[in-house]
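Structure file run-v5.cif; described as mmCIF, C-alpha atoms, pLDDT in the B column; chains and numbers go by the auth columns.
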```cif
data_structure
loop_
_atom_site.group_PDB
_atom_site.id
_atom_site.type_symbol
_atom_site.label_atom_id
_atom_site.label_comp_id
_atom_site.label_asym_id
_atom_site.label_seq_id
_atom_site.Cartn_x
_atom_site.Cartn_y
_atom_site.Cartn_z
_atom_site.B_iso_or_equiv
_atom_site.auth_seq_id
_atom_site.auth_asym_id
ATOM 1 C CA MET A 1 9.166 -4.877 12.692 43.00 1 A
ATOM 2 C CA ALA A 2 9.547 -1.943 10.319 51.00 2 A
ATOM 3 C CA ARG A 3 7.796 1.342 10.900 61.00 3 A
ATOM 4 C CA ILE A 4 5.381 2.298 8.126 69.00 4 A
ATOM 5 C CA MET A 5 5.781 5.975 7.309 72.00 5 A
ATOM 6 C CA GLY A 6 2.540 7.770 6.488 80.00 6 A
ATOM 7 C CA ILE A 7 0.096 5.421 8.226 84.00 7 A
ATOM 8 C CA ASN A 8 -1.287 8.240 10.400 87.00 8 A
ATOM 9 C CA ARG A 9 -2.009 10.354 7.300 87.00 9 A
ATOM 10 C CA LEU A 10 -3.687 7.387 5.637 86.00 10 A
ATOM 11 C CA VAL A 11 -5.918 6.868 8.692 86.00 11 A
ATOM 12 C CA ARG A 12 -6.855 10.576 8.716 88.00 12 A
ATOM 13 C CA ASN A 13 -7.478 10.786 4.951 87.00 13 A
ATOM 14 C CA TYR A 14 -9.797 7.781 4.939 86.00 14 A
ATOM 15 C CA ARG A 15 -11.430 8.843 8.230 89.00 15 A
ATOM 16 C CA LEU A 16 -11.078 5.359 9.646 87.00 16 A
ATOM 17 C CA GLY A 17 -12.794 4.517 12.911 90.00 17 A
ATOM 18 C CA LYS A 18 -10.762 3.187 15.839 92.00 18 A
ATOM 19 C CA GLU A 19 -11.587 -0.468 15.179 91.00 19 A
ATOM 20 C CA THR A 20 -10.881 -0.178 11.446 88.00 20 A
ATOM 21 C CA GLU A 21 -7.640 1.701 12.148 87.00 21 A
ATOM 22 C CA LYS A 22 -6.566 -1.123 14.448 88.00 22 A
ATOM 23 C CA ARG A 23 -7.308 -3.728 11.752 86.00 23 A
ATOM 24 C CA VAL A 24 -5.360 -1.769 9.116 85.00 24 A
ATOM 25 C CA ARG A 25 -2.356 -1.342 11.408 85.00 25 A
ATOM 26 C CA ASN A 26 -2.374 -5.050 12.308 83.00 26 A
ATOM 27 C CA LEU A 27 -2.600 -6.112 8.661 82.00 27 A
ATOM 28 C CA ILE A 28 0.354 -3.959 7.659 81.00 28 A
ATOM 29 C CA ARG A 29 2.427 -4.728 10.750 78.00 29 A
ATOM 30 C CA ASP A 30 2.329 -8.511 10.461 71.00 30 A
ATOM 31 C CA PRO A 31 1.588 -9.520 6.873 68.00 31 A
ATOM 32 C CA GLN A 32 1.446 -13.241 6.217 75.00 32 A
ATOM 33 C CA ASP A 33 0.961 -12.770 2.483 86.00 33 A
ATOM 34 C CA PRO A 34 1.300 -9.279 0.918 89.00 34 A
ATOM 35 C CA GLU A 35 -1.239 -10.086 -1.820 89.00 35 A
ATOM 36 C CA LEU A 36 -3.912 -11.194 0.671 89.00 36 A
ATOM 37 C CA THR A 37 -3.111 -8.215 2.897 90.00 37 A
ATOM 38 C CA LEU A 38 -3.579 -5.794 -0.017 93.00 38 A
ATOM 39 C CA ARG A 39 -6.888 -7.445 -0.961 92.00 39 A
ATOM 40 C CA ALA A 40 -8.104 -7.091 2.627 90.00 40 A
ATOM 41 C CA LEU A 41 -6.985 -3.436 2.721 92.00 41 A
ATOM 42 C CA ASP A 42 -8.787 -2.873 -0.598 94.00 42 A
ATOM 43 C CA LYS A 43 -12.044 -3.985 1.032 92.00 43 A
ATOM 44 C CA ILE A 44 -11.447 -1.985 4.225 91.00 44 A
ATOM 45 C CA LEU A 45 -10.456 1.230 2.412 91.00 45 A
ATOM 46 C CA LYS A 46 -13.112 0.699 -0.292 93.00 46 A
ATOM 47 C CA THR A 47 -10.645 1.257 -3.129 94.00 47 A
ATOM 48 C CA GLN A 48 -11.049 0.036 -6.703 95.00 48 A
ATOM 49 C CA GLY A 49 -9.028 -3.153 -6.578 95.00 49 A
ATOM 50 C CA VAL A 50 -5.394 -4.152 -6.325 94.00 50 A
ATOM 51 C CA LYS A 51 -3.242 -3.150 -9.297 92.00 51 A
ATOM 52 C CA THR A 52 0.340 -3.864 -10.386 88.00 52 A
ATOM 53 C CA ILE A 53 3.173 -1.610 -11.520 85.00 53 A
ATOM 54 C CA ASN A 54 6.002 -3.275 -13.456 74.00 54 A
ATOM 55 C CA GLU A 55 4.752 -6.815 -13.847 66.00 55 A
ATOM 56 C CA ASN A 56 8.123 -7.866 -15.226 64.00 56 A
ATOM 57 C CA PHE A 57 10.068 -7.834 -11.995 57.00 57 A
ATOM 58 C CA SER A 58 13.756 -6.952 -12.168 57.00 58 A
ATOM 59 C CA SER A 59 16.278 -5.723 -9.617 55.00 59 A
ATOM 60 C CA SER A 60 16.578 -2.323 -11.315 56.00 60 A
ATOM 61 C CA SER A 61 12.846 -1.769 -11.661 56.00 61 A
ATOM 62 C CA PRO A 62 10.910 -3.020 -8.619 59.00 62 A
ATOM 63 C CA GLN A 63 7.420 -4.408 -8.834 81.00 63 A
ATOM 64 C CA PHE A 64 4.682 -2.759 -6.808 86.00 64 A
ATOM 65 C CA ARG A 65 1.155 -3.817 -6.009 91.00 65 A
ATOM 66 C CA TYR A 66 -1.147 -1.193 -4.576 93.00 66 A
ATOM 67 C CA CYS A 67 -4.752 -0.434 -3.708 95.00 67 A
ATOM 68 C CA ASP A 68 -6.100 1.679 -6.579 94.00 68 A
ATOM 69 C CA THR A 69 -7.917 4.763 -5.290 93.00 69 A
ATOM 70 C CA GLY A 70 -8.818 6.030 -8.757 92.00 70 A
ATOM 71 C CA ASP A 71 -7.002 9.294 -7.970 91.00 71 A
ATOM 72 C CA ARG A 72 -3.299 9.527 -8.709 87.00 72 A
ATOM 73 C CA TYR A 73 -2.784 12.059 -5.900 90.00 73 A
ATOM 74 C CA ALA A 74 -4.677 10.242 -3.116 91.00 74 A
ATOM 75 C CA LEU A 75 -2.708 8.288 -0.529 92.00 75 A
ATOM 76 C CA THR A 76 -2.799 4.549 -0.869 92.00 76 A
ATOM 77 C CA VAL A 77 -1.116 1.428 0.479 92.00 77 A
ATOM 78 C CA GLY A 78 1.408 -0.333 -1.700 92.00 78 A
ATOM 79 C CA TYR A 79 3.789 -3.238 -1.342 91.00 79 A
ATOM 80 C CA ASP A 80 7.320 -3.040 -2.716 87.00 80 A
ATOM 81 C CA TYR A 81 8.364 -6.588 -3.641 84.00 81 A
ATOM 82 C CA TYR A 82 11.971 -5.518 -4.189 81.00 82 A
ATOM 83 C CA GLU A 83 12.386 -4.062 -0.684 84.00 83 A
ATOM 84 C CA ARG A 84 9.746 -6.404 0.788 86.00 84 A
ATOM 85 C CA LYS A 85 7.845 -3.753 2.686 87.00 85 A
ATOM 86 C CA PHE A 86 4.578 -1.849 2.675 90.00 86 A
ATOM 87 C CA ILE A 87 4.638 1.808 1.768 90.00 87 A
ATOM 88 C CA ILE A 88 2.113 4.608 2.031 91.00 88 A
ATOM 89 C CA ALA A 89 2.299 6.896 -0.989 90.00 89 A
ATOM 90 C CA ASN A 90 0.274 8.231 -3.871 90.00 90 A
ATOM 91 C CA TYR A 91 0.226 6.609 -7.309 88.00 91 A
ATOM 92 C CA GLY A 92 2.559 9.240 -8.786 86.00 92 A
ATOM 93 C CA ASN A 93 5.222 8.521 -6.161 86.00 93 A
ATOM 94 C CA LEU A 94 4.903 4.783 -6.747 85.00 94 A
ATOM 95 C CA ILE A 95 5.444 5.273 -10.492 82.00 95 A
ATOM 96 C CA GLU A 96 8.420 7.533 -9.824 82.00 96 A
ATOM 97 C CA LYS A 97 9.990 4.966 -7.490 78.00 97 A
ATOM 98 C CA ALA A 98 9.318 2.149 -9.982 74.00 98 A
ATOM 99 C CA CYS A 99 11.094 4.054 -12.753 71.00 99 A
ATOM 100 C CA ILE A 100 14.274 4.702 -10.767 56.00 100 A
#
```
Structure rendered as structure tokens:
Amino acid sequence: MARIMGINRLVRNYRLGKETEKRVRNLIRDPQDPELTLRALDKILKTQGVKTINENFSSSSPQFRYCDTGDRYALTVGYDYYERKFIIANYGNLIEKACI
């Protein structure tokens, strides 16, 4: 099981209660389907839907799906399909990583 960097900051920024924090951590820790997990996190975090970066997946330009906060500097949860892991970052960092 991989450690998700930034999860504590995400919990603090969204002011999640203990029960909600537990649900978020469980969803990210053991995802059955990243798309369903992101949709569930979208509802829990009350973001503005799940969006895609780089729909045309290639090995040099990974595809990301993320919960859209509406603020490019706010922390959000994303899934990196190239590395097959969840990441906690802001939209700007996701774009930067997608362009590398």
For segment 10-78 of chain A against segment 88-95 of chain A, with a cut-off of 12 Å and counting only C-alpha atoms, what is the closest atom pair and its distance in Å to one decimal for every residue that makes the cut, ordered by chain and number, as JSON lines?
```
{"residue": "A:Leu10", "atom": "CA", "partner": "A:Ile88", "partner_atom": "CA", "distance": 7.4}
{"residue": "A:Val11", "atom": "CA", "partner": "A:Ile88", "partner_atom": "CA", "distance": 10.7}
{"residue": "A:Asn13", "atom": "CA", "partner": "A:Ile88", "partner_atom": "CA", "distance": 11.8}
{"residue": "A:Arg25", "atom": "CA", "partner": "A:Ile88", "partner_atom": "CA", "distance": 12.0}
{"residue": "A:Ile28", "atom": "CA", "partner": "A:Ile88", "partner_atom": "CA", "distance": 10.4}
{"residue": "A:Lys51", "atom": "CA", "partner": "A:Tyr91", "partner_atom": "CA", "distance": 10.5}
{"residue": "A:Thr52", "atom": "CA", "partner": "A:Leu94", "partner_atom": "CA", "distance": 10.4}
{"residue": "A:Ile53", "atom": "CA", "partner": "A:Ile95", "partner_atom": "CA", "distance": 7.3}
{"residue": "A:Asn54", "atom": "CA", "partner": "A:Ile95", "partner_atom": "CA", "distance": 9.1}
{"residue": "A:Ser61", "atom": "CA", "partner": "A:Ile95", "partner_atom": "CA", "distance": 10.3}
{"residue": "A:Pro62", "atom": "CA", "partner": "A:Leu94", "partner_atom": "CA", "distance": 10.0}
{"residue": "A:Gln63", "atom": "CA", "partner": "A:Leu94", "partner_atom": "CA", "distance": 9.8}
{"residue": "A:Phe64", "atom": "CA", "partner": "A:Leu94", "partner_atom": "CA", "distance": 7.5}
{"residue": "A:Arg65", "atom": "CA", "partner": "A:Leu94", "partner_atom": "CA", "distance": 9.4}
{"residue": "A:Tyr66", "atom": "CA", "partner": "A:Tyr91", "partner_atom": "CA", "distance": 8.4}
{"residue": "A:Cys67", "atom": "CA", "partner": "A:Tyr91", "partner_atom": "CA", "distance": 9.3}
{"residue": "A:Asp68", "atom": "CA", "partner": "A:Tyr91", "partner_atom": "CA", "distance": 8.1}
{"residue": "A:Thr69", "atom": "CA", "partner": "A:Tyr91", "partner_atom": "CA", "distance": 8.6}
{"residue": "A:Gly70", "atom": "CA", "partner": "A:Tyr91", "partner_atom": "CA", "distance": 9.2}
{"residue": "A:Asp71", "atom": "CA", "partner": "A:Tyr91", "partner_atom": "CA", "distance": 7.7}
{"residue": "A:Arg72", "atom": "CA", "partner": "A:Tyr91", "partner_atom": "CA", "distance": 4.8}
{"residue": "A:Tyr73", "atom": "CA", "partner": "A:Asn90", "partner_atom": "CA", "distance": 5.3}
{"residue": "A:Ala74", "atom": "CA", "partner": "A:Asn90", "partner_atom": "CA", "distance": 5.4}
{"residue": "A:Leu75", "atom": "CA", "partner": "A:Asn90", "partner_atom": "CA", "distance": 4.5}
{"residue": "A:Thr76", "atom": "CA", "partner": "A:Ala89", "partner_atom": "CA", "distance": 5.6}
{"residue": "A:Val77", "atom": "CA", "partner": "A:Ile88", "partner_atom": "CA", "distance": 4.8}
{"residue": "A:Gly78", "atom": "CA", "partner": "A:Ile88", "partner_atom": "CA", "distance": 6.2}
```
Hey, what's within 12 Å of Lys43 of chain A if we count all atoms listed in the file and toss same-chain stuff fewer than 3 positions away? As a ChimeraX atom specification, please?
/A:20,23-24,36-40,46-50,67-69
What gap, in Å, lies between atom CA of Asn8 of chain A and atom CA of Lys85 of chain A?
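Straight-line distance from atom CA of Asn8 of chain A to atom CA of Lys85 of chain A works out to 16.9 Å.
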A:Arg84, A:Arg9, A:Arg15, A:Lys97 ranked by distance to Leu45 of chain A, top pick (using only C-alpha atoms):
A:Arg15
In Å, rounded to a single decimal, give me how far atom CA of Asn26 of chain A is from atom CA of Glu83 of chain A.
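Between atom CA of Glu83 of chain A and atom CA of Asn26 of chain A the gap works out to 19.7 Å.
A straight line drawn from atom CA of Tyr82 of chain A to atom CA of Met5 of chain A is 17.4 Å long.
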